[in-house]
$ cat data.txt   # compact mmCIF, C-alpha atoms
# COMPACT_ATOMS: atom_id res chain seq x y z
CA MET A 741 100.57 126.59 98.87
CA ALA A 742 102.32 124.84 95.95
CA LEU A 743 105.52 124.49 98.01
CA ARG A 744 103.53 123.04 100.91
CA LYS A 745 101.95 120.42 98.64
CA LEU A 746 105.36 119.57 97.18
CA VAL A 747 106.86 119.12 100.67
CA ARG A 748 103.92 116.97 101.80
CA ARG A 749 104.24 114.80 98.70
CA ALA A 750 107.97 114.35 99.29
CA ARG A 751 107.35 113.41 102.94
CA SER A 752 104.64 110.98 101.88
CA ARG A 753 106.98 109.26 99.40
CA SER A 754 109.77 109.03 101.98
CA HIS A 755 107.35 107.54 104.54
CA TYR A 756 106.17 105.01 101.95
CA ALA A 757 109.75 104.03 101.03
CA TRP A 758 110.68 103.60 104.70
CA PHE A 759 107.51 101.60 105.38
CA LEU A 760 108.45 99.13 102.64
CA ALA A 761 112.15 99.07 103.58
CA VAL A 762 111.47 98.20 107.22
CA ARG A 763 109.30 95.26 106.18
CA GLU A 764 111.58 94.04 103.37
CA TRP A 765 114.93 94.40 105.12
CA PRO A 766 116.15 90.86 104.17
CA LEU A 767 115.89 91.89 100.53
CA LEU A 768 117.90 95.03 101.23
CA VAL A 769 120.58 92.98 103.00
CA VAL A 770 120.90 90.72 99.96
CA ALA A 771 121.13 93.76 97.68
CA LEU A 772 123.88 95.21 99.89
CA GLY A 773 125.74 91.90 99.73
CA VAL A 774 125.59 91.96 95.94
CA LEU A 775 126.91 95.51 95.90
CA LEU A 776 129.80 94.68 98.23
CA GLY A 777 130.60 91.59 96.19
CA ALA A 778 130.83 93.73 93.07
CA VAL A 779 133.11 96.21 94.82
CA VAL A 780 135.44 93.40 95.96
CA ALA A 781 135.44 91.49 92.68
CA LEU A 782 136.29 94.31 90.33
CA PRO A 783 139.59 95.71 91.70
CA VAL A 784 141.11 92.57 93.22
CA VAL A 785 142.87 89.99 91.03
CA ALA A 786 143.61 87.44 93.76
CA GLY A 787 140.46 85.73 94.80
CA ALA A 788 138.53 87.21 91.91
CA ALA A 789 137.05 83.87 90.96
CA LEU A 790 135.69 83.27 94.46
CA SER A 791 134.32 86.80 94.65
CA LEU A 792 132.72 86.38 91.26
CA ILE A 793 131.00 83.19 92.40
CA VAL A 794 129.68 85.01 95.48
CA LEU A 795 128.54 87.86 93.26
CA VAL A 796 126.71 85.51 90.86
CA LEU A 797 125.00 83.67 93.73
CA GLY A 798 123.99 86.98 95.25
CA VAL A 799 122.50 88.15 91.97
CA VAL A 800 120.55 84.91 91.67
CA VAL A 801 119.16 85.23 95.21
CA LEU A 802 118.38 88.91 94.70
CA THR A 803 116.57 88.19 91.43
CA ARG A 804 114.56 85.44 93.10
CA ASP A 805 113.59 87.68 96.01
CA LEU A 806 112.66 90.54 93.69
CA ARG A 807 110.42 88.22 91.72
CA GLY A 808 108.92 86.93 94.94
CA LEU A 809 108.27 90.46 96.16
CA ARG A 810 106.65 91.36 92.87
CA GLY A 811 104.71 88.12 92.78
CA ARG A 812 103.02 88.56 96.16
CA TRP A 813 99.55 89.88 95.36
CA SER A 814 100.72 91.15 91.93
CA GLY A 815 98.37 88.66 90.32
CA PHE A 816 95.46 90.57 91.85
CA GLU A 817 93.81 93.78 90.79
CA PHE A 818 93.04 96.28 93.56
CA SER A 819 90.25 98.85 93.26
CA GLN A 820 87.93 100.72 95.58
CA ASP A 821 84.79 98.79 96.52
CA GLY A 822 81.81 101.12 96.58
CA ALA A 823 79.34 98.44 97.65
CA PRO A 824 77.72 98.83 101.09
CA PHE A 825 78.86 96.51 103.84
CA PRO A 826 76.79 93.27 103.71
CA HIS A 827 75.24 93.91 107.11
CA THR A 828 72.24 91.67 106.44
CA GLU A 829 74.53 88.67 105.96
CA ILE A 830 76.99 89.01 108.87
CA ALA A 831 75.75 88.57 112.43
CA VAL A 832 76.84 90.96 115.19
CA PRO A 833 79.38 89.80 117.82
CA ALA A 834 77.81 87.55 120.43
CA THR A 835 79.39 89.61 123.24
CA TYR A 836 77.79 92.92 122.13
CA PRO A 837 74.49 93.41 124.00
CA ALA A 838 71.47 94.46 121.91
CA ALA A 839 73.75 95.40 119.03
CA PHE A 840 72.45 96.24 115.57
CA TYR A 841 73.66 97.62 112.27
CA SER A 842 72.62 101.09 111.14
CA HIS A 843 72.98 101.71 107.40
CA LEU A 844 72.78 105.34 106.29
CA ALA A 845 72.36 105.44 102.52
CA GLY A 846 75.28 107.06 100.76
CA ARG A 847 77.27 107.43 104.00
CA GLY A 848 78.06 103.98 105.32
CA THR A 849 77.18 101.36 107.90
CA ALA A 850 77.86 101.31 111.64
CA LEU A 851 77.51 98.71 114.37
CA LEU A 852 75.73 100.29 117.34
CA SER A 853 74.64 99.29 120.83
CA ASP A 854 72.81 101.64 123.19
CA GLU A 855 73.99 99.54 126.14
CA ILE A 856 77.63 99.93 125.09
CA ASP A 857 77.01 103.68 124.68
CA HIS A 858 75.80 103.77 128.28
CA ALA A 859 78.88 101.84 129.43
CA VAL A 860 81.18 104.28 127.62
CA ARG A 861 79.47 107.19 129.39
CA GLU A 862 79.18 105.71 132.85
CA ARG A 863 81.66 102.87 133.39
CA ARG A 864 85.23 103.60 134.48
CA PHE A 865 87.62 101.91 132.07
CA GLY A 866 91.33 101.79 132.79
CA VAL A 867 93.84 101.77 129.95
CA ARG A 868 96.62 99.24 129.41
CA ILE A 869 99.13 99.93 126.64
CA ALA A 870 100.67 96.96 124.85
CA GLU A 871 104.45 96.81 125.10
CA GLU A 872 104.87 95.95 121.42
CA SER A 873 103.53 98.06 118.58
CA TYR A 874 101.05 96.55 116.16
CA ARG A 875 102.45 94.88 113.04
CA PRO A 876 100.17 93.58 110.28
CA ALA A 877 100.54 89.94 109.39
CA ALA A 878 102.92 89.20 106.52
CA GLU A 879 100.00 88.51 104.19
CA LEU A 880 98.59 91.97 104.87
CA ARG A 881 101.96 93.76 104.66
CA ALA A 882 102.51 92.23 101.22
CA THR A 883 99.60 94.28 99.85
CA ALA A 884 101.40 97.60 100.46
CA PRO A 885 102.99 97.98 96.96
CA HIS A 886 99.58 97.40 95.37
CA LEU A 887 97.39 99.76 97.42
CA PRO A 888 96.68 102.89 95.36
CA GLN A 889 96.10 105.09 98.40
CA LEU A 890 99.67 104.52 99.62
CA HIS A 891 101.24 106.02 96.51
CA SER A 892 98.60 108.51 95.43
CA ALA A 893 99.99 111.63 93.75
CA THR A 894 96.82 113.65 94.40
CA ARG A 895 96.28 112.79 98.09
CA PRO A 896 99.66 111.83 99.59
CA LEU A 897 99.46 110.04 102.94
CA LEU A 898 101.94 110.39 105.79
CA ASP A 899 102.84 107.44 108.01
CA ARG A 900 101.77 109.00 111.29
CA PRO A 901 101.70 107.36 114.74
CA VAL A 902 98.19 106.31 115.82
CA VAL A 903 96.52 104.21 118.52
CA GLY A 904 94.48 101.04 118.02
CA LEU A 905 91.98 99.34 120.32
CA ARG A 906 92.47 95.68 121.23
CA SER A 907 89.47 95.06 123.52
CA ASP A 908 85.82 96.07 123.63
CA PRO A 909 84.27 98.66 126.01
CA LEU A 910 81.49 96.35 127.18
CA PRO A 911 78.94 96.86 129.98
CA GLY A 912 79.54 95.19 133.32
CA SER A 913 79.89 95.80 137.04
CA GLY A 914 82.83 97.54 138.66
CA ASP A 915 85.91 98.88 136.99
CA ALA A 916 87.30 97.40 133.80
CA GLU A 917 90.29 97.76 131.54
CA VAL A 918 90.68 98.23 127.81
CA ARG A 919 93.84 97.36 125.93
CA VAL A 920 95.37 99.62 123.29
CA HIS A 921 98.40 99.39 121.04
CA ARG A 922 100.57 101.83 119.13
CA ALA A 923 100.42 101.58 115.35
CA ARG A 924 101.16 103.56 112.20
CA SER A 925 98.70 104.92 109.67
CA PHE A 926 100.22 102.79 106.89
CA ASP A 927 99.55 99.69 109.04
CA PHE A 928 95.93 100.82 109.16
CA GLN A 929 95.86 101.12 105.36
CA CYS A 930 97.20 97.56 105.01
CA SER A 931 94.66 96.09 107.43
CA ASN A 932 91.35 97.88 108.12
CA GLU A 933 91.29 99.92 104.93
CA LEU A 934 91.91 96.77 102.91
CA CYS A 935 88.27 95.93 103.71
CA GLY A 936 87.18 98.79 101.45
CA MET A 937 88.98 97.28 98.46
CA ARG A 938 87.80 94.99 95.72
CA ILE A 939 90.53 92.39 95.09
CA ALA A 940 90.21 90.20 92.01
CA ASP A 941 92.49 87.58 90.44
CA ARG A 942 93.68 89.01 87.11
CA GLU A 943 93.54 85.63 85.34
CA THR A 944 90.45 83.93 86.74
CA GLY A 945 88.42 86.93 87.88
CA GLU A 946 87.87 85.22 91.24
CA GLU A 947 87.49 87.74 94.05
CA PHE A 948 89.15 87.78 97.44
CA ASP A 949 86.59 89.17 99.91
CA PRO A 950 88.56 90.94 102.67
CA ARG A 951 85.39 91.83 104.56
CA ARG A 952 84.54 88.19 105.18
CA ARG A 953 88.10 86.87 105.39
CA LEU A 954 89.36 89.51 107.83
CA LEU A 955 86.29 90.55 109.82
CA THR A 956 84.31 87.39 110.53
CA ASP A 957 84.94 84.38 112.76
CA SER A 958 84.38 80.71 112.01
CA ALA A 959 80.69 81.09 112.87
CA GLY A 960 80.24 83.92 110.38
CA ARG A 961 79.87 86.59 113.05
CA LEU A 962 81.69 89.90 113.10
CA ARG A 963 84.80 89.54 115.24
CA SER A 964 84.99 91.45 118.50
CA LEU A 965 87.99 93.73 118.85
CA ASP A 966 89.76 91.35 121.24
CA ALA A 967 89.61 88.64 118.56
CA GLY A 968 90.65 90.88 115.68
CA GLU A 969 93.93 90.92 113.76
CA LEU A 970 93.71 94.42 112.27
CA ALA A 971 95.12 97.74 113.43
CA ASP A 972 91.63 98.90 114.54
CA VAL A 973 92.75 102.51 114.86
CA VAL A 974 90.54 104.50 117.24
CA GLY A 975 88.56 107.36 115.73
CA VAL A 976 87.44 110.22 117.99
CA SER A 977 84.74 112.74 117.03
CA THR A 978 83.17 115.49 119.09
CA LEU A 979 80.34 117.96 118.51
CA ALA A 980 81.22 121.45 119.70
CA PHE A 981 78.42 123.78 120.79
CA THR A 982 78.91 127.52 121.17
CA THR A 983 77.62 129.59 124.07
CA GLU A 984 74.43 130.23 122.04
CA GLY A 985 73.95 126.47 121.63
CA LEU A 986 74.94 126.34 117.96
CA LEU A 987 76.60 123.22 116.57
CA VAL A 988 79.95 123.86 114.85
CA VAL A 989 80.41 121.83 111.64
CA VAL A 990 83.67 121.65 109.70
CA GLY A 991 83.78 121.62 105.89
CA ASP A 992 80.84 120.13 104.02
CA GLY A 993 79.63 117.99 106.91
CA ASP A 994 82.26 116.76 109.35
CA PRO A 995 82.18 116.82 113.15
CA SER A 996 83.66 119.83 114.94
CA GLY A 997 86.65 117.67 115.78
CA GLY A 998 87.37 114.26 114.32
CA GLY A 999 90.30 112.00 113.47
CA PRO A 1000 92.51 109.22 114.84
CA LEU A 1001 93.66 108.89 118.43
CA GLU A 1002 97.43 109.40 118.71
CA PRO A 1003 100.08 108.20 121.22
CA ARG A 1004 100.45 111.73 122.59
CA ASP A 1005 96.84 111.50 123.83
CA LEU A 1006 97.82 108.62 126.13
CA ALA A 1007 99.96 110.77 128.43
CA THR A 1008 99.97 114.19 130.05
CA SER A 1009 102.35 116.95 129.00
CA ASP A 1010 104.92 115.73 131.55
CA GLY A 1011 104.79 112.15 130.24
CA THR A 1012 102.57 110.67 132.96
CA PRO A 1013 100.28 107.98 131.51
CA ARG A 1014 96.59 108.84 131.60
CA GLN A 1015 94.78 106.31 133.75
CA THR A 1016 91.27 106.16 132.27
CA LEU A 1017 89.74 105.74 128.85
CA HIS A 1018 87.61 108.84 129.50
CA ASP A 1019 90.67 111.02 129.95
CA VAL A 1020 92.41 109.61 126.88
CA LEU A 1021 89.36 110.03 124.62
CA ARG A 1022 88.53 113.54 125.88
CA THR A 1023 92.13 114.59 125.30
CA GLY A 1024 92.06 113.25 121.75
CA MET A 1025 88.69 114.85 120.97
CA GLU A 1026 89.73 118.27 122.23
CA ARG A 1027 93.05 118.09 120.38
CA ARG A 1028 91.29 117.27 117.12
CA LEU A 1029 88.77 120.05 117.78
CA ARG A 1030 91.53 122.63 118.16
CA GLU A 1031 93.33 121.34 115.05
CA SER A 1032 90.14 121.44 112.97
CA THR A 1033 88.80 124.82 114.06
CA GLY A 1034 91.82 126.80 115.25
CA LEU A 1035 90.25 127.24 118.70
CA SER A 1036 92.50 127.76 121.70
CA SER A 1037 92.39 125.47 124.72
CA GLY A 1038 90.86 128.36 126.68
CA SER A 1039 87.77 128.22 124.44
CA VAL A 1040 86.97 124.65 125.54
CA ALA A 1041 84.77 124.45 128.64
CA GLY A 1042 84.55 120.66 128.83
CA THR A 1043 83.86 117.43 126.97
CA GLU A 1044 81.65 114.45 127.82
CA LEU A 1045 81.56 111.07 126.10
CA THR A 1046 78.32 110.06 124.41
CA GLY A 1047 78.78 106.83 122.49
CA PHE A 1048 80.64 104.19 120.53
CA ALA A 1049 80.33 102.57 117.10
CA ARG A 1050 82.27 100.46 114.64
CA TRP A 1051 82.56 101.79 111.11
CA MET A 1052 82.00 98.76 108.91
CA GLU A 1053 83.21 100.04 105.54
CA ARG A 1054 86.56 100.89 107.17
CA GLY A 1055 87.26 97.43 108.51
CA ALA A 1056 84.90 97.78 111.50
CA LYS A 1057 87.24 100.31 113.12
CA PRO A 1058 86.17 101.65 116.53
CA GLU A 1059 84.76 105.18 116.81
CA PHE A 1060 84.01 107.16 119.97
CA PHE A 1061 81.78 110.24 120.14
CA GLY A 1062 81.45 113.19 122.48
CA ILE A 1063 80.02 116.66 123.08
CA THR A 1064 82.25 119.66 123.80
CA ARG A 1065 80.88 122.84 125.36
CA LEU A 1066 82.67 125.98 124.26
CA SER A 1067 83.14 129.19 126.20
CA ALA A 1068 83.11 131.13 122.91
CA SER A 1069 80.29 132.46 120.75
CA SER A 1070 79.85 131.80 117.04
CA ASN A 1071 80.82 135.39 116.26
CA SER A 1072 84.24 134.92 117.85
CA ILE A 1073 85.16 131.70 116.04
CA ARG A 1074 83.74 132.14 112.56
CA GLY A 1075 85.95 130.81 109.78
CA ALA A 1076 85.71 130.17 106.07
CA ASP A 1077 85.47 126.39 106.66
CA LEU A 1078 83.04 126.49 109.59
CA SER A 1079 79.23 126.37 109.64
CA PHE A 1080 76.78 126.72 112.52
CA PHE A 1081 73.46 124.91 113.01
CA GLU A 1082 70.63 124.88 115.49
CA VAL A 1083 70.07 121.29 116.59
CA ASP A 1084 67.27 120.54 119.05
CA LEU A 1085 68.72 117.45 120.72
CA ALA A 1086 65.75 117.02 123.09
CA THR A 1087 63.25 116.90 120.23
CA LEU A 1088 65.52 114.64 118.21
CA ARG A 1089 65.75 112.29 121.21
CA ARG A 1090 61.95 111.97 121.36
CA GLU A 1091 61.75 111.31 117.63
CA LEU A 1092 64.41 108.62 117.72
CA ARG A 1093 62.90 106.91 120.76
CA THR A 1094 59.52 106.71 119.05
CA GLY A 1095 61.09 104.82 116.15
CA ALA A 1096 62.06 107.50 113.63
CA ASP A 1097 65.14 106.80 111.48
CA LEU A 1098 67.87 109.39 111.95
CA LEU A 1099 67.78 110.65 108.35
CA GLU A 1100 63.98 110.92 108.49
CA ALA A 1101 63.75 112.70 111.87
CA PRO A 1102 61.94 116.04 111.27
CA SER A 1103 64.14 117.98 113.71
CA LEU A 1104 67.41 117.05 111.98
CA PRO A 1105 68.56 120.15 110.02
CA GLY A 1106 68.11 119.62 106.29
CA GLN A 1107 71.70 120.39 105.36
CA LEU A 1108 73.01 117.85 107.85
CA ARG A 1109 70.60 115.28 106.42
CA GLU A 1110 71.88 115.98 102.90
CA THR A 1111 75.63 116.47 103.43
CA GLY A 1112 76.50 115.25 106.93
CA SER A 1113 79.21 112.57 107.04
CA LEU A 1114 78.64 109.23 108.74
CA ARG A 1115 80.76 110.31 111.72
CA LEU A 1116 78.79 113.55 112.12
CA LEU A 1117 75.41 111.82 111.94
CA LEU A 1118 76.45 109.09 114.37
CA ALA A 1119 77.80 111.72 116.77
CA VAL A 1120 74.48 113.62 116.57
CA ARG A 1121 72.55 110.43 117.28
CA ALA A 1122 74.74 109.58 120.29
CA ALA A 1123 74.39 113.12 121.62
CA ALA A 1124 70.60 113.04 121.35
CA LEU A 1125 70.25 109.64 123.06
CA ARG A 1126 72.75 110.19 125.87
$ encode --input "data.txt" --output "structure tokens"
Amino acid sequence: MALRKLVRRARSRSHYAWFLAVREWPLLVVALGVLLGAVVALPVVAGAALSLIVLVLGVVVLTRDLRGLRGRWSGFEFSQDGAPFPHTEIAVPATYPAAFYSHLAGRGTALLSDEIDHAVRERRFGVRIAEESYRPAAELRATAPHLPQLHSATRPLLDRPVVGLRSDPLPGSGDAEVRVHRARSFDFQCSNELCGMRIADRETGEEFDPRRRLLTDSAGRLRSLDAGELADVVGVSTLAFTTEGLLVVVGDGDPSGGGPLEPRDLATSDGTPRQTLHDVLRTGMERRLRESTGLSSGSVAGTELTGFARWMERGAKPEFFGITRLSASSNSIRGADLSFFEVDLATLRRELRTGADLLEAPSLPGQLRETGSLRLLLAVRAAALR
């Protein structure tokens, strides 16, 4: 276990170094020029003066660039912002029908729309993949050296490939198309996750509010995904039910399968692009389910989509939810990190439709009410109202 943590930490540091190097390559070129100038100037007598001049100029430019690199955002203090998203102050996107914010105390805030949930379940969306991968704007990339989560010694992050959403799955008639792009998890940290940070000027104390600066338009409304400038990495979560109808929960209160969509979910095993959003999302959900629970593909009987949300505290990132039916009983898949719950979705549906809040619905199991994550609770809500 200790060796595994050491290897993961080393990989995380190498990913972080590469992430910075790719984005600061002009600085590296200057540094290489200085090094070559030094190599030429030291052993050669003829032309030493010229080489020395080049070396001095290179050092000056390198010093200036290093100061510039350090100066970008270094005058600000970065810390985690534990305050809830200001959902009472920011209007929902005008294009989202009957949308509303749902704030679950201690868990987070989500933007929901029952009409969009219906469209996700019933409408056939094609998928178009952007030719170019997502790259955060220079202003956002400059925050990388100052983000504590990118160089954490206790929870090292790896720069994994992920998929972002660039258009909204809205209701309508006929077929439609959503646009996606390839991204990296560090890009996500420098864009969406920046909205969970408190950024204050060290000298004046003035705060930079990333939630308002990055997420709202000129009218003060939350930006739709097609107008956004962030990575907007797609989250996929599914609720797995055993043959006895028991809900499988991972850890203290996470969905049976949950995590980011990845480029490998966009194509079949032979490299053929998947044509519909349904196929892409189901593939991602079932992959995450197997990774989280250790289930084999033969234990999965099928997955249906149930809903959509945007997770406000994480830069309004898109989240899709589903239900997976298993062909295995709870006795055959029990694990140290798995729990099983009886959830009466039909009763919960009646309670929600008569106006009960999710956390106050009598049929919601008490442990899920107390420890369930935002993704788990939103997935349960979507499953009940489908």
$ residues_around --input "data.txt" --residues "A:His755" --least-positions-apart "3" --cutoff "10 Å" --atoms "only C-alpha atoms" --output "MDAnalysis selection string"
chainID A and resid 749:752 758:761 890 897:900 926
$ residues_around --input "data.txt" --residues "A:Ala823" --least-positions-apart "2" --cutoff "9 Å" --atoms "all atoms listed in the file" --output "ChimeraX atom specification"
/A:821,825-826,936,1053
$ closest_residue --input "data.txt" --among "A:Ser1039, A:Gln820, A:Thr1008, A:Thr1064" --to "A:Gln889" --atoms "all atoms listed in the file"
A:Gln820
$ closest_residue --input "data.txt" --among "A:Asp941, A:Pro1003, A:Gly998, A:Phe816" --to "A:Ser873" --atoms "only C-alpha atoms"
A:Pro1003
$ closest_residue --input "data.txt" --among "A:Gly914, A:Ser931, A:Leu1035, A:Ser1072" --to "A:Thr983" --atoms "all atoms listed in the file"
A:Ser1072
$ decode --input "data.txt" --residues "stretch 820-842 of chain A" --atoms "N, CA, C and O atoms" --output "PDB file, in the first residue's frame"
ATOM      1  N   GLN A 820      -9.959  27.306  -0.046  1.00  0.00           N
ATOM      2  CA  GLN A 820     -11.250  26.707  -0.344  1.00  0.00           C
ATOM      3  C   GLN A 820     -12.375  27.588   0.180  1.00  0.00           C
ATOM      4  O   GLN A 820     -12.306  28.121   1.281  1.00  0.00           O
ATOM      5  N   ASP A 821     -13.407  27.744  -0.646  1.00  0.00           N
ATOM      6  CA  ASP A 821     -14.574  28.547  -0.270  1.00  0.00           C
ATOM      7  C   ASP A 821     -15.696  27.603   0.144  1.00  0.00           C
ATOM      8  O   ASP A 821     -16.277  26.912  -0.684  1.00  0.00           O
ATOM      9  N   GLY A 822     -15.993  27.587   1.427  1.00  0.00           N
ATOM     10  CA  GLY A 822     -17.029  26.687   1.920  1.00  0.00           C
ATOM     11  C   GLY A 822     -18.427  27.260   1.853  1.00  0.00           C
ATOM     12  O   GLY A 822     -19.396  26.586   2.229  1.00  0.00           O
ATOM     13  N   ALA A 823     -18.579  28.486   1.364  1.00  0.00           N
ATOM     14  CA  ALA A 823     -19.896  29.115   1.312  1.00  0.00           C
ATOM     15  C   ALA A 823     -20.759  28.472   0.227  1.00  0.00           C
ATOM     16  O   ALA A 823     -20.257  28.102  -0.838  1.00  0.00           O
ATOM     17  N   PRO A 824     -22.059  28.306   0.481  1.00  0.00           N
ATOM     18  CA  PRO A 824     -22.950  27.762  -0.549  1.00  0.00           C
ATOM     19  C   PRO A 824     -22.987  28.659  -1.776  1.00  0.00           C
ATOM     20  O   PRO A 824     -22.722  29.864  -1.698  1.00  0.00           O
ATOM     21  N   PHE A 825     -23.319  28.087  -2.898  1.00  0.00           N
ATOM     22  CA  PHE A 825     -23.463  28.869  -4.119  1.00  0.00           C
ATOM     23  C   PHE A 825     -24.592  29.884  -3.929  1.00  0.00           C
ATOM     24  O   PHE A 825     -25.666  29.545  -3.408  1.00  0.00           O
ATOM     25  N   PRO A 826     -24.401  31.135  -4.358  1.00  0.00           N
ATOM     26  CA  PRO A 826     -25.434  32.174  -4.154  1.00  0.00           C
ATOM     27  C   PRO A 826     -26.613  32.015  -5.117  1.00  0.00           C
ATOM     28  O   PRO A 826     -26.872  32.882  -5.970  1.00  0.00           O
ATOM     29  N   HIS A 827     -27.360  30.935  -4.956  1.00  0.00           N
ATOM     30  CA  HIS A 827     -28.401  30.604  -5.926  1.00  0.00           C
ATOM     31  C   HIS A 827     -29.586  31.575  -5.885  1.00  0.00           C
ATOM     32  O   HIS A 827     -30.343  31.662  -6.856  1.00  0.00           O
ATOM     33  N   THR A 828     -29.739  32.293  -4.797  1.00  0.00           N
ATOM     34  CA  THR A 828     -30.844  33.264  -4.732  1.00  0.00           C
ATOM     35  C   THR A 828     -30.510  34.557  -5.464  1.00  0.00           C
ATOM     36  O   THR A 828     -31.392  35.390  -5.671  1.00  0.00           O
ATOM     37  N   GLU A 829     -29.248  34.713  -5.872  1.00  0.00           N
ATOM     38  CA  GLU A 829     -28.831  35.964  -6.492  1.00  0.00           C
ATOM     39  C   GLU A 829     -28.537  35.834  -7.986  1.00  0.00           C
ATOM     40  O   GLU A 829     -28.378  36.845  -8.668  1.00  0.00           O
ATOM     41  N   ILE A 830     -28.434  34.602  -8.490  1.00  0.00           N
ATOM     42  CA  ILE A 830     -28.078  34.383  -9.889  1.00  0.00           C
ATOM     43  C   ILE A 830     -29.230  33.668 -10.590  1.00  0.00           C
ATOM     44  O   ILE A 830     -29.617  32.552 -10.201  1.00  0.00           O
ATOM     45  N   ALA A 831     -29.784  34.298 -11.602  1.00  0.00           N
ATOM     46  CA  ALA A 831     -30.925  33.727 -12.323  1.00  0.00           C
ATOM     47  C   ALA A 831     -30.494  32.525 -13.156  1.00  0.00           C
ATOM     48  O   ALA A 831     -29.335  32.406 -13.560  1.00  0.00           O
ATOM     49  N   VAL A 832     -31.433  31.634 -13.421  1.00  0.00           N
ATOM     50  CA  VAL A 832     -31.153  30.443 -14.224  1.00  0.00           C
ATOM     51  C   VAL A 832     -31.028  30.844 -15.692  1.00  0.00           C
ATOM     52  O   VAL A 832     -31.491  31.921 -16.099  1.00  0.00           O
ATOM     53  N   PRO A 833     -30.403  30.013 -16.535  1.00  0.00           N
ATOM     54  CA  PRO A 833     -30.303  30.343 -17.967  1.00  0.00           C
ATOM     55  C   PRO A 833     -31.674  30.493 -18.604  1.00  0.00           C
ATOM     56  O   PRO A 833     -32.596  29.721 -18.305  1.00  0.00           O
ATOM     57  N   ALA A 834     -31.816  31.472 -19.464  1.00  0.00           N
ATOM     58  CA  ALA A 834     -33.109  31.735 -20.103  1.00  0.00           C
ATOM     59  C   ALA A 834     -33.557  30.573 -20.980  1.00  0.00           C
ATOM     60  O   ALA A 834     -34.753  30.380 -21.196  1.00  0.00           O
ATOM     61  N   THR A 835     -32.605  29.779 -21.489  1.00  0.00           N
ATOM     62  CA  THR A 835     -32.951  28.682 -22.399  1.00  0.00           C
ATOM     63  C   THR A 835     -33.356  27.400 -21.667  1.00  0.00           C
ATOM     64  O   THR A 835     -33.807  26.451 -22.313  1.00  0.00           O
ATOM     65  N   TYR A 836     -33.222  27.361 -20.352  1.00  0.00           N
ATOM     66  CA  TYR A 836     -33.564  26.156 -19.582  1.00  0.00           C
ATOM     67  C   TYR A 836     -35.038  26.235 -19.165  1.00  0.00           C
ATOM     68  O   TYR A 836     -35.405  27.086 -18.356  1.00  0.00           O
ATOM     69  N   PRO A 837     -35.888  25.345 -19.662  1.00  0.00           N
ATOM     70  CA  PRO A 837     -37.315  25.429 -19.339  1.00  0.00           C
ATOM     71  C   PRO A 837     -37.611  24.985 -17.900  1.00  0.00           C
ATOM     72  O   PRO A 837     -37.139  23.951 -17.443  1.00  0.00           O
ATOM     73  N   ALA A 838     -38.396  25.810 -17.204  1.00  0.00           N
ATOM     74  CA  ALA A 838     -38.851  25.503 -15.842  1.00  0.00           C
ATOM     75  C   ALA A 838     -37.704  25.064 -14.938  1.00  0.00           C
ATOM     76  O   ALA A 838     -37.850  24.139 -14.124  1.00  0.00           O
ATOM     77  N   ALA A 839     -36.566  25.716 -15.072  1.00  0.00           N
ATOM     78  CA  ALA A 839     -35.392  25.340 -14.282  1.00  0.00           C
ATOM     79  C   ALA A 839     -35.443  25.991 -12.901  1.00  0.00           C
ATOM     80  O   ALA A 839     -36.045  27.054 -12.716  1.00  0.00           O
ATOM     81  N   PHE A 840     -34.816  25.348 -11.937  1.00  0.00           N
ATOM     82  CA  PHE A 840     -34.779  25.874 -10.579  1.00  0.00           C
ATOM     83  C   PHE A 840     -33.552  25.317  -9.869  1.00  0.00           C
ATOM     84  O   PHE A 840     -32.997  24.286 -10.253  1.00  0.00           O
ATOM     85  N   TYR A 841     -33.138  26.035  -8.828  1.00  0.00           N
ATOM     86  CA  TYR A 841     -32.022  25.573  -8.019  1.00  0.00           C
ATOM     87  C   TYR A 841     -32.554  24.730  -6.861  1.00  0.00           C
ATOM     88  O   TYR A 841     -33.573  25.047  -6.254  1.00  0.00           O
ATOM     89  N   SER A 842     -31.820  23.667  -6.562  1.00  0.00           N
ATOM     90  CA  SER A 842     -32.122  22.830  -5.400  1.00  0.00           C
ATOM     91  C   SER A 842     -30.899  22.848  -4.491  1.00  0.00           C
ATOM     92  O   SER A 842     -29.831  22.367  -4.877  1.00  0.00           O
TER      93      SER A 842
END
